[in-house]
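Q: File name input-v4.pdb; file contents PDB, C-alpha atoms (C1' of nucleotides); full text below.
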```
ATOM      1  CA  MET A   1       0.000   0.000   0.000  1.00  0.00           C
ATOM      2  CA  THR A   2       2.838   2.352   0.819  1.00  0.00           C
ATOM      3  CA  GLY A   3       4.055   2.066  -2.718  1.00  0.00           C
ATOM      4  CA  LYS A   4       0.630   2.533  -4.278  1.00  0.00           C
ATOM      5  CA  LEU A   5      -0.319   5.716  -2.470  1.00  0.00           C
ATOM      6  CA  ASN A   6       3.068   7.252  -3.100  1.00  0.00           C
ATOM      7  CA  LEU A   7       2.980   6.207  -6.737  1.00  0.00           C
ATOM      8  CA  ILE A   8      -0.430   7.806  -7.194  1.00  0.00           C
ATOM      9  CA  TYR A   9       0.905  11.019  -5.730  1.00  0.00           C
ATOM     10  CA  LYS A  10       3.852  11.021  -8.088  1.00  0.00           C
ATOM     11  CA  LYS A  11       1.585  10.495 -11.074  1.00  0.00           C
ATOM     12  CA  LEU A  12      -0.774  13.274 -10.059  1.00  0.00           C
ATOM     13  CA  TYR A  13       1.987  15.720  -9.293  1.00  0.00           C
ATOM     14  CA  SER A  14       3.868  15.087 -12.485  1.00  0.00           C
ATOM     15  CA  ARG A  15       0.662  15.431 -14.472  1.00  0.00           C
ATOM     16  CA  PHE A  16      -0.885  18.478 -12.785  1.00  0.00           C
ATOM     17  CA  GLY A  17       1.926  20.157 -10.844  1.00  0.00           C
ATOM     18  CA  PRO A  18       1.554  22.152  -7.629  1.00  0.00           C
ATOM     19  CA  GLN A  19      -1.983  23.306  -6.845  1.00  0.00           C
ATOM     20  CA  HIS A  20      -1.147  26.180  -4.482  1.00  0.00           C
ATOM     21  CA  TRP A  21      -3.851  25.367  -1.987  1.00  0.00           C
ATOM     22  CA  TRP A  22      -5.926  26.567  -0.155  1.00  0.00           C
ATOM     23  CA  PRO A  23      -7.336  29.092  -2.655  1.00  0.00           C
ATOM     24  CA  GLY A  24      -7.718  31.782   0.013  1.00  0.00           C
ATOM     25  CA  LYS A  25      -5.479  34.456   1.374  1.00  0.00           C
ATOM     26  CA  SER A  26      -5.731  34.675   5.151  1.00  0.00           C
ATOM     27  CA  ALA A  27      -6.070  31.802   7.586  1.00  0.00           C
ATOM     28  CA  PHE A  28      -9.456  33.157   8.590  1.00  0.00           C
ATOM     29  CA  GLU A  29     -10.630  33.235   4.992  1.00  0.00           C
ATOM     30  CA  ILE A  30      -9.633  29.593   4.676  1.00  0.00           C
ATOM     31  CA  MET A  31     -11.598  28.665   7.766  1.00  0.00           C
ATOM     32  CA  VAL A  32     -14.701  30.451   6.517  1.00  0.00           C
ATOM     33  CA  GLY A  33     -14.258  28.830   3.113  1.00  0.00           C
ATOM     34  CA  ALA A  34     -13.958  25.401   4.690  1.00  0.00           C
ATOM     35  CA  ILE A  35     -17.410  25.774   6.214  1.00  0.00           C
ATOM     36  CA  LEU A  36     -18.968  27.385   3.144  1.00  0.00           C
ATOM     37  CA  THR A  37     -17.729  24.683   0.785  1.00  0.00           C
ATOM     38  CA  GLN A  38     -19.498  21.856   2.579  1.00  0.00           C
ATOM     39  CA  ASN A  39     -21.165  19.845  -0.189  1.00  0.00           C
ATOM     40  CA  THR A  40     -20.894  22.871  -2.448  1.00  0.00           C
ATOM     41  CA  ASN A  41     -19.145  23.901  -5.640  1.00  0.00           C
ATOM     42  CA  TRP A  42     -16.180  26.178  -4.961  1.00  0.00           C
ATOM     43  CA  GLN A  43     -17.344  28.716  -7.542  1.00  0.00           C
ATOM     44  CA  ASN A  44     -20.424  29.385  -5.458  1.00  0.00           C
ATOM     45  CA  VAL A  45     -18.316  29.702  -2.334  1.00  0.00           C
ATOM     46  CA  GLU A  46     -16.167  32.328  -4.016  1.00  0.00           C
ATOM     47  CA  LYS A  47     -19.204  34.471  -4.725  1.00  0.00           C
ATOM     48  CA  ALA A  48     -20.153  34.319  -1.066  1.00  0.00           C
ATOM     49  CA  ILE A  49     -16.626  35.152   0.077  1.00  0.00           C
ATOM     50  CA  ASP A  50     -16.471  38.044  -2.382  1.00  0.00           C
ATOM     51  CA  ASN A  51     -19.646  39.443  -0.874  1.00  0.00           C
ATOM     52  CA  LEU A  52     -18.064  39.369   2.566  1.00  0.00           C
ATOM     53  CA  LYS A  53     -14.838  40.906   1.292  1.00  0.00           C
ATOM     54  CA  ARG A  54     -16.608  43.716  -0.521  1.00  0.00           C
ATOM     55  CA  GLN A  55     -18.301  44.690   2.732  1.00  0.00           C
ATOM     56  CA  LYS A  56     -14.963  44.304   4.537  1.00  0.00           C
ATOM     57  CA  LEU A  57     -16.553  41.781   6.842  1.00  0.00           C
ATOM     58  CA  LEU A  58     -14.097  38.938   6.420  1.00  0.00           C
ATOM     59  CA  GLN A  59     -12.511  39.395   9.833  1.00  0.00           C
ATOM     60  CA  PRO A  60     -13.328  37.589  13.057  1.00  0.00           C
ATOM     61  CA  GLN A  61     -14.557  40.661  14.963  1.00  0.00           C
ATOM     62  CA  LYS A  62     -16.680  41.936  12.077  1.00  0.00           C
ATOM     63  CA  LEU A  63     -18.315  38.599  11.346  1.00  0.00           C
ATOM     64  CA  ARG A  64     -18.979  38.064  15.014  1.00  0.00           C
ATOM     65  CA  ALA A  65     -20.784  41.402  15.242  1.00  0.00           C
ATOM     66  CA  LEU A  66     -22.844  40.740  12.113  1.00  0.00           C
ATOM     67  CA  PRO A  67     -26.414  39.540  12.733  1.00  0.00           C
ATOM     68  CA  GLN A  68     -26.947  35.980  11.552  1.00  0.00           C
ATOM     69  CA  GLU A  69     -29.733  37.018   9.169  1.00  0.00           C
ATOM     70  CA  ARG A  70     -27.466  39.513   7.401  1.00  0.00           C
ATOM     71  CA  LEU A  71     -24.695  36.957   7.234  1.00  0.00           C
ATOM     72  CA  ALA A  72     -27.105  34.455   5.689  1.00  0.00           C
ATOM     73  CA  ALA A  73     -28.115  36.958   3.007  1.00  0.00           C
ATOM     74  CA  LEU A  74     -24.481  37.662   2.099  1.00  0.00           C
ATOM     75  CA  ILE A  75     -23.474  34.008   1.787  1.00  0.00           C
ATOM     76  CA  ARG A  76     -26.604  33.076  -0.135  1.00  0.00           C
ATOM     77  CA  PRO A  77     -24.741  32.054  -3.339  1.00  0.00           C
ATOM     78  CA  ALA A  78     -22.969  29.283  -1.417  1.00  0.00           C
ATOM     79  CA  GLY A  79     -26.250  27.472  -0.815  1.00  0.00           C
ATOM     80  CA  TYR A  80     -27.598  26.111   2.490  1.00  0.00           C
ATOM     81  CA  TYR A  81     -27.159  29.703   3.574  1.00  0.00           C
ATOM     82  CA  ASN A  82     -29.219  29.530   6.747  1.00  0.00           C
ATOM     83  CA  VAL A  83     -27.442  26.414   7.924  1.00  0.00           C
ATOM     84  CA  LYS A  84     -24.055  27.830   7.060  1.00  0.00           C
ATOM     85  CA  ALA A  85     -24.700  31.203   8.694  1.00  0.00           C
ATOM     86  CA  ARG A  86     -25.552  29.323  11.881  1.00  0.00           C
ATOM     87  CA  ARG A  87     -22.438  27.160  11.556  1.00  0.00           C
ATOM     88  CA  LEU A  88     -20.202  30.181  11.008  1.00  0.00           C
ATOM     89  CA  LYS A  89     -21.666  31.735  14.137  1.00  0.00           C
ATOM     90  CA  TYR A  90     -20.978  28.582  16.123  1.00  0.00           C
ATOM     91  CA  PHE A  91     -17.421  28.598  14.847  1.00  0.00           C
ATOM     92  CA  LEU A  92     -16.942  32.264  15.762  1.00  0.00           C
ATOM     93  CA  ASN A  93     -18.254  31.582  19.237  1.00  0.00           C
ATOM     94  CA  PHE A  94     -15.662  28.852  19.545  1.00  0.00           C
ATOM     95  CA  LEU A  95     -12.891  31.109  18.236  1.00  0.00           C
ATOM     96  CA  PHE A  96     -13.695  33.872  20.715  1.00  0.00           C
ATOM     97  CA  ASP A  97     -14.557  31.674  23.665  1.00  0.00           C
ATOM     98  CA  PHE A  98     -11.346  29.667  23.531  1.00  0.00           C
ATOM     99  CA  TYR A  99      -8.881  31.885  21.678  1.00  0.00           C
ATOM    100  CA  GLY A 100     -10.106  35.443  22.113  1.00  0.00           C
ATOM    101  CA  GLY A 101     -10.761  35.651  18.363  1.00  0.00           C
ATOM    102  CA  LYS A 102      -7.048  35.290  17.643  1.00  0.00           C
ATOM    103  CA  ILE A 103      -6.025  32.802  14.972  1.00  0.00           C
ATOM    104  CA  GLU A 104      -2.410  32.997  16.138  1.00  0.00           C
ATOM    105  CA  LYS A 105      -3.403  31.856  19.583  1.00  0.00           C
ATOM    106  CA  MET A 106      -5.258  28.977  18.006  1.00  0.00           C
ATOM    107  CA  ARG A 107      -2.243  28.047  15.921  1.00  0.00           C
ATOM    108  CA  ARG A 108      -0.125  27.600  19.022  1.00  0.00           C
ATOM    109  CA  GLN A 109      -2.430  24.900  20.340  1.00  0.00           C
ATOM    110  CA  GLN A 110      -1.431  21.256  20.006  1.00  0.00           C
ATOM    111  CA  PHE A 111      -3.293  20.043  16.939  1.00  0.00           C
ATOM    112  CA  ARG A 112      -4.741  16.796  18.240  1.00  0.00           C
ATOM    113  CA  TYR A 113      -6.331  18.729  21.044  1.00  0.00           C
ATOM    114  CA  LEU A 114      -7.467  21.402  18.609  1.00  0.00           C
ATOM    115  CA  ARG A 115      -9.034  18.755  16.407  1.00  0.00           C
ATOM    116  CA  ARG A 116     -11.141  17.455  19.273  1.00  0.00           C
ATOM    117  CA  GLN A 117     -12.211  21.004  20.070  1.00  0.00           C
ATOM    118  CA  LEU A 118     -13.217  21.702  16.480  1.00  0.00           C
ATOM    119  CA  LEU A 119     -15.178  18.466  16.221  1.00  0.00           C
ATOM    120  CA  ALA A 120     -17.156  19.519  19.269  1.00  0.00           C
ATOM    121  CA  VAL A 121     -18.382  22.626  17.404  1.00  0.00           C
ATOM    122  CA  ASN A 122     -21.804  22.076  15.877  1.00  0.00           C
ATOM    123  CA  GLY A 123     -21.450  22.190  12.096  1.00  0.00           C
ATOM    124  CA  ILE A 124     -17.796  21.171  11.990  1.00  0.00           C
ATOM    125  CA  GLY A 125     -17.239  17.545  11.075  1.00  0.00           C
ATOM    126  CA  ALA A 126     -14.055  15.639  10.368  1.00  0.00           C
ATOM    127  CA  GLU A 127     -13.392  17.027   6.906  1.00  0.00           C
ATOM    128  CA  THR A 128     -14.008  20.645   7.840  1.00  0.00           C
ATOM    129  CA  ALA A 129     -11.900  20.319  10.988  1.00  0.00           C
ATOM    130  CA  ASP A 130      -9.028  18.770   9.084  1.00  0.00           C
ATOM    131  CA  SER A 131      -9.228  21.340   6.290  1.00  0.00           C
ATOM    132  CA  ILE A 132      -8.923  24.078   8.891  1.00  0.00           C
ATOM    133  CA  LEU A 133      -6.017  22.312  10.591  1.00  0.00           C
ATOM    134  CA  LEU A 134      -4.085  21.521   7.436  1.00  0.00           C
ATOM    135  CA  TYR A 135      -4.748  24.486   5.203  1.00  0.00           C
ATOM    136  CA  ALA A 136      -5.310  27.345   7.625  1.00  0.00           C
ATOM    137  CA  LEU A 137      -3.034  26.280  10.472  1.00  0.00           C
ATOM    138  CA  LYS A 138      -0.443  24.163   8.621  1.00  0.00           C
ATOM    139  CA  LYS A 139      -0.871  21.172  10.892  1.00  0.00           C
ATOM    140  CA  PRO A 140       0.134  17.712   9.553  1.00  0.00           C
ATOM    141  CA  ILE A 141      -3.258  16.035   9.086  1.00  0.00           C
ATOM    142  CA  PHE A 142      -4.665  14.398   5.934  1.00  0.00           C
ATOM    143  CA  VAL A 143      -8.054  15.553   4.633  1.00  0.00           C
ATOM    144  CA  ILE A 144     -10.500  12.922   3.394  1.00  0.00           C
ATOM    145  CA  ASP A 145     -13.286  14.065   1.121  1.00  0.00           C
ATOM    146  CA  ALA A 146     -15.747  12.581  -1.341  1.00  0.00           C
ATOM    147  CA  TYR A 147     -13.186  12.610  -4.153  1.00  0.00           C
ATOM    148  CA  THR A 148     -10.599  10.856  -2.010  1.00  0.00           C
ATOM    149  CA  ARG A 149     -13.118   8.160  -1.118  1.00  0.00           C
ATOM    150  CA  ARG A 150     -14.028   7.588  -4.744  1.00  0.00           C
ATOM    151  CA  MET A 151     -10.407   7.395  -5.803  1.00  0.00           C
ATOM    152  CA  LEU A 152      -9.614   4.779  -3.162  1.00  0.00           C
ATOM    153  CA  PHE A 153     -12.720   2.757  -3.934  1.00  0.00           C
ATOM    154  CA  ARG A 154     -12.429   2.856  -7.713  1.00  0.00           C
ATOM    155  CA  HIS A 155      -8.796   1.841  -7.583  1.00  0.00           C
ATOM    156  CA  GLY A 156      -9.426  -0.984  -5.173  1.00  0.00           C
ATOM    157  CA  LEU A 157      -7.492   0.566  -2.298  1.00  0.00           C
ATOM    158  CA  ALA A 158     -10.426   0.670   0.121  1.00  0.00           C
ATOM    159  CA  GLN A 159     -13.964  -0.604   0.327  1.00  0.00           C
ATOM    160  CA  GLU A 160     -16.935   1.681  -0.097  1.00  0.00           C
ATOM    161  CA  GLY A 161     -18.338   3.040   3.138  1.00  0.00           C
ATOM    162  CA  VAL A 162     -15.161   2.734   5.200  1.00  0.00           C
ATOM    163  CA  ASP A 163     -15.142   5.325   7.962  1.00  0.00           C
ATOM    164  CA  TYR A 164     -13.249   8.605   7.851  1.00  0.00           C
ATOM    165  CA  ASP A 165     -10.598   7.846  10.457  1.00  0.00           C
ATOM    166  CA  THR A 166      -9.656   4.546   8.821  1.00  0.00           C
ATOM    167  CA  LEU A 167      -9.081   6.239   5.471  1.00  0.00           C
ATOM    168  CA  GLN A 168      -7.169   9.067   7.077  1.00  0.00           C
ATOM    169  CA  ASN A 169      -4.928   6.588   8.866  1.00  0.00           C
ATOM    170  CA  LEU A 170      -4.338   4.805   5.588  1.00  0.00           C
ATOM    171  CA  PHE A 171      -2.760   7.925   4.141  1.00  0.00           C
ATOM    172  CA  MET A 172      -0.992   8.991   7.289  1.00  0.00           C
ATOM    173  CA  ARG A 173       0.585   5.608   7.916  1.00  0.00           C
ATOM    174  CA  ASN A 174       1.854   5.326   4.380  1.00  0.00           C
ATOM    175  CA  LEU A 175       3.072   8.815   3.575  1.00  0.00           C
ATOM    176  CA  LYS A 176       5.835  10.942   4.973  1.00  0.00           C
ATOM    177  CA  ASN A 177       4.435  13.122   7.708  1.00  0.00           C
ATOM    178  CA  LYS A 178       4.839  16.402   5.857  1.00  0.00           C
ATOM    179  CA  VAL A 179       2.362  19.272   5.804  1.00  0.00           C
ATOM    180  CA  GLN A 180       3.273  20.200   2.247  1.00  0.00           C
ATOM    181  CA  LEU A 181       2.754  16.635   1.030  1.00  0.00           C
ATOM    182  CA  PHE A 182      -0.635  16.317   2.720  1.00  0.00           C
ATOM    183  CA  ASN A 183      -1.588  19.715   1.345  1.00  0.00           C
ATOM    184  CA  GLU A 184      -0.611  18.933  -2.235  1.00  0.00           C
ATOM    185  CA  TYR A 185      -1.942  15.377  -2.275  1.00  0.00           C
ATOM    186  CA  HIS A 186      -5.471  16.280  -1.267  1.00  0.00           C
ATOM    187  CA  ALA A 187      -5.491  19.293  -3.587  1.00  0.00           C
ATOM    188  CA  LEU A 188      -4.407  17.069  -6.464  1.00  0.00           C
ATOM    189  CA  LEU A 189      -7.186  14.595  -5.707  1.00  0.00           C
ATOM    190  CA  VAL A 190      -9.717  17.406  -5.929  1.00  0.00           C
ATOM    191  CA  LYS A 191      -8.164  18.542  -9.191  1.00  0.00           C
ATOM    192  CA  LEU A 192      -8.472  15.010 -10.524  1.00  0.00           C
ATOM    193  CA  GLY A 193     -12.021  14.796  -9.259  1.00  0.00           C
ATOM    194  CA  LYS A 194     -13.223  18.058 -10.733  1.00  0.00           C
ATOM    195  CA  ASP A 195     -11.547  17.798 -14.093  1.00  0.00           C
ATOM    196  CA  PHE A 196     -11.461  14.070 -14.742  1.00  0.00           C
ATOM    197  CA  CYS A 197     -12.909  10.966 -13.323  1.00  0.00           C
ATOM    198  CA  LEU A 198     -14.132  11.234  -9.783  1.00  0.00           C
ATOM    199  CA  LYS A 199     -17.638  12.466 -10.494  1.00  0.00           C
ATOM    200  CA  ARG A 200     -20.414  10.771  -8.583  1.00  0.00           C
ATOM    201  CA  GLN A 201     -21.494   8.774 -11.571  1.00  0.00           C
ATOM    202  CA  GLY A 202     -19.688   7.486 -14.546  1.00  0.00           C
ATOM    203  CA  ARG A 203     -16.122   6.400 -14.942  1.00  0.00           C
ATOM    204  CA  CYS A 204     -13.068   7.696 -16.691  1.00  0.00           C
ATOM    205  CA  ASP A 205     -11.685   5.758 -19.601  1.00  0.00           C
ATOM    206  CA  ARG A 206      -8.547   7.869 -19.636  1.00  0.00           C
ATOM    207  CA  CYS A 207      -7.677   8.007 -15.974  1.00  0.00           C
ATOM    208  CA  PRO A 208      -4.358   9.802 -15.402  1.00  0.00           C
ATOM    209  CA  LEU A 209      -3.654   7.216 -12.703  1.00  0.00           C
ATOM    210  CA  LYS A 210      -3.640   4.232 -15.039  1.00  0.00           C
TER     211      LYS A 210
ATOM    212  C1'  DG B   1     -34.891  19.538 -16.724  1.00  0.00           C
ATOM    213  C1'  DA B   2     -31.548  16.402 -14.536  1.00  0.00           C
ATOM    214  C1'  DC B   3     -27.402  16.052 -12.335  1.00  0.00           C
ATOM    215  C1'  DC B   4     -23.697  17.695  -9.652  1.00  0.00           C
ATOM    216  C1'  DA B   5     -20.971  20.054  -5.949  1.00  0.00           C
ATOM    217  C1'  DG B   6     -14.200  20.015  -1.459  1.00  0.00           C
ATOM    218  C1'  DG B   7     -20.782  17.831   4.574  1.00  0.00           C
ATOM    219  C1'  DC B   8     -23.159  17.760   8.628  1.00  0.00           C
ATOM    220  C1'  DA B   9     -26.717  17.171  12.124  1.00  0.00           C
ATOM    221  C1'  DC B  10     -30.735  15.196  13.382  1.00  0.00           C
ATOM    222  C1'  DA B  11     -34.877  12.046  13.271  1.00  0.00           C
ATOM    223  C1'  DT B  12     -36.388   7.561  13.145  1.00  0.00           C
ATOM    224  C1'  DC B  13     -36.332   2.732  13.270  1.00  0.00           C
TER     225       DC B  13
ATOM    226  C1'  DG C   1     -25.779   1.405  15.188  1.00  0.00           C
ATOM    227  C1'  DA C   2     -27.462   1.858  10.524  1.00  0.00           C
ATOM    228  C1'  DT C   3     -30.185   4.366   7.333  1.00  0.00           C
ATOM    229  C1'  DG C   4     -32.829   8.369   5.587  1.00  0.00           C
ATOM    230  C1'  DT C   5     -33.644  13.280   5.170  1.00  0.00           C
ATOM    231  C1'  DG C   6     -33.271  18.439   5.095  1.00  0.00           C
ATOM    232  C1'  DC C   7     -30.534  22.052   3.849  1.00  0.00           C
ATOM    233  C1'  DA C   8     -30.142  25.476  -1.536  1.00  0.00           C
ATOM    234  C1'  DT C   9     -27.508  27.931  -4.892  1.00  0.00           C
ATOM    235  C1'  DG C  10     -25.523  28.085  -9.541  1.00  0.00           C
ATOM    236  C1'  DG C  11     -22.947  25.701 -13.424  1.00  0.00           C
ATOM    237  C1'  DT C  12     -22.990  22.049 -17.060  1.00  0.00           C
TER     238       DT C  12
END
```
Here is the file; what I need is its structure written in the form of structure tokens.
A:
Amino acid sequence: MTGKLNLIYKKLYSRFGPQHWWPGKSAFEIMVGAILTQNTNWQNVEKAIDNLKRQKLLQPQKLRALPQERLAALIRPAGYYNVKARRLKYFLNFLFDFYGGKIEKMRRQQFRYLRRQLLAVNGIGAETADSILLYALKKPIFVIDAYTRRMLFRHGLAQEGVDYDTLQNLFMRNLKNKVQLFNEYHALLVKLGKDFCLKRQGRCDRCPLK
DNA sequence: GACCAGGCACATC
DNA sequence: GATGTGCATGGT
């Protein structure tokens, strides 16, 4: 397995090159994006983030002060906007309750502990927590998403329906424990998924991995 | 018009 | 503990 996962990475990287993830500037923007992109096309998320940026609201203090209804209206293009406005508020409560609204303070926390804290926030599941840890805080944790699952299943590396932690361990046991590798690998899987053969239905007859 | 998209919580059995 | 359902916009 070690060989297979590393080989897949090499193929993806040589084919697509570095992905420069996460597509967001500040750590806070990445965290907001991680919640907004839940089951949602990134293009729609960008519209929502642009709305927040235009109003200069993409800062912890500003978003915290913003009424949930106004937040919902601004993030409308990202879909599930009422749910996501509520989830962003829960996350902001967490950020201020435990870290005084300071991302830097959060970054200093030990990441396994931080992961448990994030998972306890309503609206933040394993993938969102790990995206925040890896991409916003540069912690060495591998993100599992729908594309990753499909890749593993379709290439016979895991069975369908295997739980998140098992798949995450699969990557983390078999790859070098490097933030940049975890970052690039997951980003490449999304690239493969969007542009090639990890759609929900249908297969790819010209899979770059073959 | 159908299908898809970088999930998650909650209800129900 | 497993399975089903609601949440919603915008692109292809």
Q: At a cut-off of 6 Å, using all atoms listed in the file, what residues contact DA5 of chain B? Leave out same-chain residues fewer than 3 positions from it and give the result as a PyMOL selection string.
A: chain A and resi 39-41
Q: Those same residues, written as a CSV table (one decimal), in the frame of the given file with C-alpha atoms?
A:
```csv
chain,number,residue,atom,x,y,z
A,39,ASN,CA,-21.2,19.8,-0.2
A,40,THR,CA,-20.9,22.9,-2.4
A,41,ASN,CA,-19.1,23.9,-5.6
```
Q: So what does the PyMOL selection byres ((chain B and resi 12) around 10) actually pick up in this one, as a list in words?
A: DC10, DA11 and DC13 of chain B; DT3 and DG4 of chain C
Q: As a VMD selection string, could you give me every residue of chain C near chain A (at most 8 Å apart, counting all atoms listed in the file)?
A: chain C and resid 7 to 10
Q: Counting all atoms listed in the file, which residues of chain A come no farther than 10 Å from chain B, as a count of residues only?
A: 38
Q: Between atom C1' of DT5 of chain C and atom CA of Val162 of chain A, what is the distance in Å, rounded to a tenth?
A: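 If I compute the distance from atom C1' of DT5 of chain C to atom CA of Val162 of chain A, I get 21.3 Å.
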Q: Which value, in Å to one decimal, gives the distance between atom C1' of DA2 of chain C and atom CA of Thr166 of chain A?
A: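 Between atom C1' of DA2 of chain C and atom CA of Thr166 of chain A the gap works out to 18.1 Å.
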Q: Phe171 of chain A: which residues within 8 Å, counting all atoms listed in the file, same-chain residues fewer than 3 positions away excluded, as a PyMOL selection string?
A: chain A and resi 5+142+167-168+174-175
Q: Hey, can I get the axis-aligned box for segment 112-126 of chain A? All listed atoms, 4 Å padding on each side, centre and edge lengths in Å to one decimal, as AutoDock Vina command-line options.
A:
```
--center_x -13.3 --center_y 19.1 --center_z 15.7 --size_x 25.1 --size_y 15.0 --size_z 18.7
```
Q: Any idea what the distance is between atom CA of Trp22 of chain A and atom CA of Lys89 of chain A?
A: 21.9 Å
Q: Excluding same-chain residues fewer than 3 positions from Leu52 of chain A, what lies within 9 Å of it counting all atoms listed in the file, as a ChimeraX atom specification?
A: /A:47-49,55-58,63,71,74-75
Q: Give as a list of chain:residue names every residue, naming chains and numbers as the document does, that has an atom within 7 Å of (-25.7, 37.2, 9.8), counting all atoms listed in the file.
A: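 Checked against the point, the hits come out as A:Leu66, A:Pro67, A:Gln68, A:Glu69, A:Arg70, A:Leu71, A:Ala72, A:Ala85.
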Q: What lies within 10 Å of Arg115 of chain A using only C-alpha atoms (C1' of nucleotides), ignoring chain neighbours under 6 positions off, as a list in words?
A: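 Surrounding residues, per the criterion: Gln109, Gly125, Ala126, Ala129, Asp130, Ile132, Leu133 and Ile141 of chain A.
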